[in-house]
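Visitor: The structure is given below, and queries will be raised subsequently.
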Amino acid sequence: MAVIFTSTIKIDEENNWFIELKDMVDDRVAICKSMEEYAEKVEDYGSDYGGNIDSVNWYKDDSVPEYVMDEIRQKMADHKAEIEEKNGEPLIKPEA
């Protein structure tokens with residue numbers, strides 16, 4: 001069984017972005033209004049599979065402006081850097 005999550009970036013009625021996280025195995029859905037909340041939910045959902053997530057497929061609604069995408073990319077890069085600093089090694093290791 002492949003563990004696949006989908007993450008869809010959307011805009012709400014107040015023009016705020018959020019990420020809809022869906023576990024494709026059991027159809028659980030979480031609405032995440034911050035990158036911190038998203039990271040916690042991915043970890044929570046992933047723990048049900050021993051932390052082994054095969055894929056996270058990303059999508060965005062057509063209504064999401066490019067500046068929102070840039071903000072989310074930066075937040076993701078910052079979060080990745082924090083994890084790497086905490087772990088003392090890169091998340092993605094170069095192939096030998």
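A note on labels: chains of the structure tokens are A, B, ... as shown, every chain counts residues from 1, and ligands are counted from 1 in their shown order.
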With a distance cut-off of 12 Å and only C-alpha atoms, select the neighbouring residues of Asn57 (chain A), excluding the residue or stretch itself and same-chain residues fewer than 5 positions from it, and output the selection as a list of chain:residue names.

Guide: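 The filter keeps A:Val3, A:Ile4, A:Phe5, A:Thr6, A:Ser7, A:Thr8, A:Ile9, A:Glu20, A:Leu21, A:Lys22, A:Asp23, A:Met24.
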
Visitor: From chain A, collect each residue whose DSSP state is strand (DSSP E or B) and return the set as a PyMOL selection string.

Guide: chain A and resi 4-11+17-23+29-32+55-60

Visitor: Hey, can you spit out that residue selection with C-alpha atoms as a PDB file, in the first residue's frame?

Guide:
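Final output, out11.pdb:
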ATOM      1  CA  ILE A   4       0.199   9.260  -0.559  1.00  0.00           C
ATOM      2  CA  PHE A   5      -0.866  12.655   0.720  1.00  0.00           C
ATOM      3  CA  THR A   6      -2.147  15.530  -1.385  1.00  0.00           C
ATOM      4  CA  SER A   7      -1.569  19.135  -0.419  1.00  0.00           C
ATOM      5  CA  THR A   8      -3.699  21.739  -2.162  1.00  0.00           C
ATOM      6  CA  ILE A   9      -3.085  25.444  -1.653  1.00  0.00           C
ATOM      7  CA  LYS A  10      -6.323  27.408  -1.590  1.00  0.00           C
ATOM      8  CA  ILE A  11      -7.653  30.878  -0.787  1.00  0.00           C
ATOM      9  CA  TRP A  17      -4.240  31.093   2.071  1.00  0.00           C
ATOM     10  CA  PHE A  18      -4.537  27.642   3.594  1.00  0.00           C
ATOM     11  CA  ILE A  19      -3.374  24.157   2.721  1.00  0.00           C
ATOM     12  CA  GLU A  20      -5.838  21.308   2.459  1.00  0.00           C
ATOM     13  CA  LEU A  21      -3.960  18.144   3.441  1.00  0.00           C
ATOM     14  CA  LYS A  22      -5.576  14.878   2.412  1.00  0.00           C
ATOM     15  CA  ASP A  23      -4.493  11.362   3.324  1.00  0.00           C
ATOM     16  CA  VAL A  29      -8.645  15.908   5.468  1.00  0.00           C
ATOM     17  CA  ALA A  30      -7.057  18.682   7.519  1.00  0.00           C
ATOM     18  CA  ILE A  31      -7.260  22.408   6.866  1.00  0.00           C
ATOM     19  CA  CYS A  32      -3.938  24.028   7.777  1.00  0.00           C
ATOM     20  CA  SER A  55       4.652  10.788  -1.808  1.00  0.00           C
ATOM     21  CA  VAL A  56       3.169  14.216  -1.168  1.00  0.00           C
ATOM     22  CA  ASN A  57       1.541  15.562  -4.319  1.00  0.00           C
ATOM     23  CA  TRP A  58       1.159  19.341  -4.460  1.00  0.00           C
ATOM     24  CA  TYR A  59      -1.616  21.280  -6.192  1.00  0.00           C
ATOM     25  CA  LYS A  60      -2.985  24.792  -6.125  1.00  0.00           C
TER      26      LYS A  60
END

Visitor: Write down as a PyMOL selection string the residues of chain A whose backbone DSSP state falls under helix (DSSP H, G or I).

Guide: chain A and resi 35-47+66-87

Visitor: Go ahead and write the residues just picked, N, CA and C atoms, as a JSON list (two decimals), in the first residue's frame.

Guide:
[["chain", "number", "residue", "atom", "x", "y", "z"],
["A", 35, "MET", "N", 2.11, 27.23, 8.07],
["A", 35, "MET", "CA", 3.08, 26.19, 7.73],
["A", 35, "MET", "C", 3.36, 25.32, 8.95],
["A", 36, "GLU", "N", 3.32, 25.91, 10.15],
["A", 36, "GLU", "CA", 3.55, 25.14, 11.36],
["A", 36, "GLU", "C", 2.44, 24.11, 11.56],
["A", 37, "GLU", "N", 1.20, 24.53, 11.35],
["A", 37, "GLU", "CA", 0.08, 23.62, 11.48],
["A", 37, "GLU", "C", 0.16, 22.51, 10.43],
["A", 38, "TYR", "N", 0.56, 22.87, 9.22],
["A", 38, "TYR", "CA", 0.72, 21.88, 8.15],
["A", 38, "TYR", "C", 1.78, 20.84, 8.53],
["A", 39, "ALA", "N", 2.93, 21.31, 9.00],
["A", 39, "ALA", "CA", 4.02, 20.39, 9.38],
["A", 39, "ALA", "C", 3.57, 19.44, 10.48],
["A", 40, "GLU", "N", 2.85, 19.96, 11.46],
["A", 40, "GLU", "CA", 2.35, 19.12, 12.55],
["A", 40, "GLU", "C", 1.38, 18.06, 12.04],
["A", 41, "LYS", "N", 0.48, 18.44, 11.12],
["A", 41, "LYS", "CA", -0.50, 17.49, 10.59],
["A", 41, "LYS", "C", 0.16, 16.42, 9.74],
["A", 42, "VAL", "N", 1.14, 16.80, 8.93],
["A", 42, "VAL", "CA", 1.86, 15.81, 8.12],
["A", 42, "VAL", "C", 2.54, 14.80, 9.04],
["A", 43, "GLU", "N", 3.18, 15.30, 10.09],
["A", 43, "GLU", "CA", 3.83, 14.41, 11.04],
["A", 43, "GLU", "C", 2.81, 13.52, 11.75],
["A", 44, "ASP", "N", 1.70, 14.09, 12.14],
["A", 44, "ASP", "CA", 0.63, 13.34, 12.81],
["A", 44, "ASP", "C", 0.09, 12.25, 11.89],
["A", 45, "TYR", "N", -0.31, 12.62, 10.69],
["A", 45, "TYR", "CA", -0.83, 11.63, 9.75],
["A", 45, "TYR", "C", 0.23, 10.58, 9.41],
["A", 46, "GLY", "N", 1.45, 11.04, 9.20],
["A", 46, "GLY", "CA", 2.54, 10.12, 8.84],
["A", 46, "GLY", "C", 2.87, 9.13, 9.94],
["A", 47, "SER", "N", 2.65, 9.53, 11.20],
["A", 47, "SER", "CA", 2.96, 8.63, 12.31],
["A", 47, "SER", "C", 2.10, 7.36, 12.26],
["A", 66, "GLU", "N", 0.41, 34.39, -7.49],
["A", 66, "GLU", "CA", 1.82, 34.00, -7.46],
["A", 66, "GLU", "C", 2.52, 34.47, -6.18],
["A", 67, "TYR", "N", 2.17, 35.64, -5.66],
["A", 67, "TYR", "CA", 2.83, 36.13, -4.45],
["A", 67, "TYR", "C", 2.53, 35.22, -3.25],
["A", 68, "VAL", "N", 1.38, 34.57, -3.24],
["A", 68, "VAL", "CA", 1.07, 33.61, -2.17],
["A", 68, "VAL", "C", 1.96, 32.38, -2.33],
["A", 69, "MET", "N", 2.14, 31.94, -3.56],
["A", 69, "MET", "CA", 3.02, 30.80, -3.80],
["A", 69, "MET", "C", 4.44, 31.11, -3.35],
["A", 70, "ASP", "N", 4.90, 32.33, -3.64],
["A", 70, "ASP", "CA", 6.25, 32.73, -3.21],
["A", 70, "ASP", "C", 6.36, 32.73, -1.69],
["A", 71, "GLU", "N", 5.33, 33.22, -1.01],
["A", 71, "GLU", "CA", 5.33, 33.23, 0.46],
["A", 71, "GLU", "C", 5.39, 31.81, 1.02],
["A", 72, "ILE", "N", 4.62, 30.91, 0.46],
["A", 72, "ILE", "CA", 4.60, 29.53, 0.94],
["A", 72, "ILE", "C", 5.92, 28.84, 0.65],
["A", 73, "ARG", "N", 6.49, 29.07, -0.54],
["A", 73, "ARG", "CA", 7.81, 28.49, -0.86],
["A", 73, "ARG", "C", 8.86, 28.95, 0.15],
["A", 74, "GLN", "N", 8.83, 30.24, 0.51],
["A", 74, "GLN", "CA", 9.80, 30.76, 1.46],
["A", 74, "GLN", "C", 9.60, 30.14, 2.84],
["A", 75, "LYS", "N", 8.36, 30.01, 3.27],
["A", 75, "LYS", "CA", 8.07, 29.40, 4.57],
["A", 75, "LYS", "C", 8.53, 27.94, 4.58],
["A", 76, "MET", "N", 8.35, 27.24, 3.47],
["A", 76, "MET", "CA", 8.79, 25.84, 3.39],
["A", 76, "MET", "C", 10.32, 25.75, 3.43],
["A", 77, "ALA", "N", 10.99, 26.66, 2.74],
["A", 77, "ALA", "CA", 12.45, 26.67, 2.75],
["A", 77, "ALA", "C", 12.98, 26.97, 4.16],
["A", 78, "ASP", "N", 12.34, 27.92, 4.85],
["A", 78, "ASP", "CA", 12.73, 28.24, 6.22],
["A", 78, "ASP", "C", 12.54, 27.04, 7.14],
["A", 79, "HIS", "N", 11.41, 26.36, 6.99],
["A", 79, "HIS", "CA", 11.11, 25.18, 7.82],
["A", 79, "HIS", "C", 12.14, 24.07, 7.55],
["A", 80, "LYS", "N", 12.46, 23.85, 6.30],
["A", 80, "LYS", "CA", 13.47, 22.83, 5.92],
["A", 80, "LYS", "C", 14.81, 23.18, 6.57],
["A", 81, "ALA", "N", 15.20, 24.44, 6.51],
["A", 81, "ALA", "CA", 16.47, 24.87, 7.10],
["A", 81, "ALA", "C", 16.49, 24.64, 8.61],
["A", 82, "GLU", "N", 15.36, 24.90, 9.27],
["A", 82, "GLU", "CA", 15.28, 24.66, 10.72],
["A", 82, "GLU", "C", 15.45, 23.17, 11.04],
["A", 83, "ILE", "N", 14.82, 22.32, 10.27],
["A", 83, "ILE", "CA", 14.93, 20.88, 10.49],
["A", 83, "ILE", "C", 16.37, 20.42, 10.27],
["A", 84, "GLU", "N", 16.98, 20.90, 9.20],
["A", 84, "GLU", "CA", 18.36, 20.51, 8.90],
["A", 84, "GLU", "C", 19.32, 20.98, 9.98],
["A", 85, "GLU", "N", 19.10, 22.19, 10.49],
["A", 85, "GLU", "CA", 19.95, 22.69, 11.57],
["A", 85, "GLU", "C", 19.78, 21.84, 12.82],
["A", 86, "LYS", "N", 18.54, 21.51, 13.14],
["A", 86, "LYS", "CA", 18.24, 20.69, 14.32],
["A", 86, "LYS", "C", 18.87, 19.30, 14.20],
["A", 87, "ASN", "N", 18.77, 18.71, 12.99],
["A", 87, "ASN", "CA", 19.28, 17.35, 12.77],
["A", 87, "ASN", "C", 20.77, 17.32, 12.48]]

Visitor: What does the distance from CA of Glu89 (chain A) to CA of Asp48 (chain A) come to in Å, to one decimal?

Guide: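 CA of Asp48 (chain A) lies at a distance of 25.0 Å from CA of Glu89 (chain A).
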
Visitor: Could you tell me how far CA of Val25 (chain A) sits from CA of Asp61 (chain A), in Å to one decimal place?

Guide: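 Taking CA of Asp61 (chain A) and CA of Val25 (chain A), their separation equals 22.2 Å.
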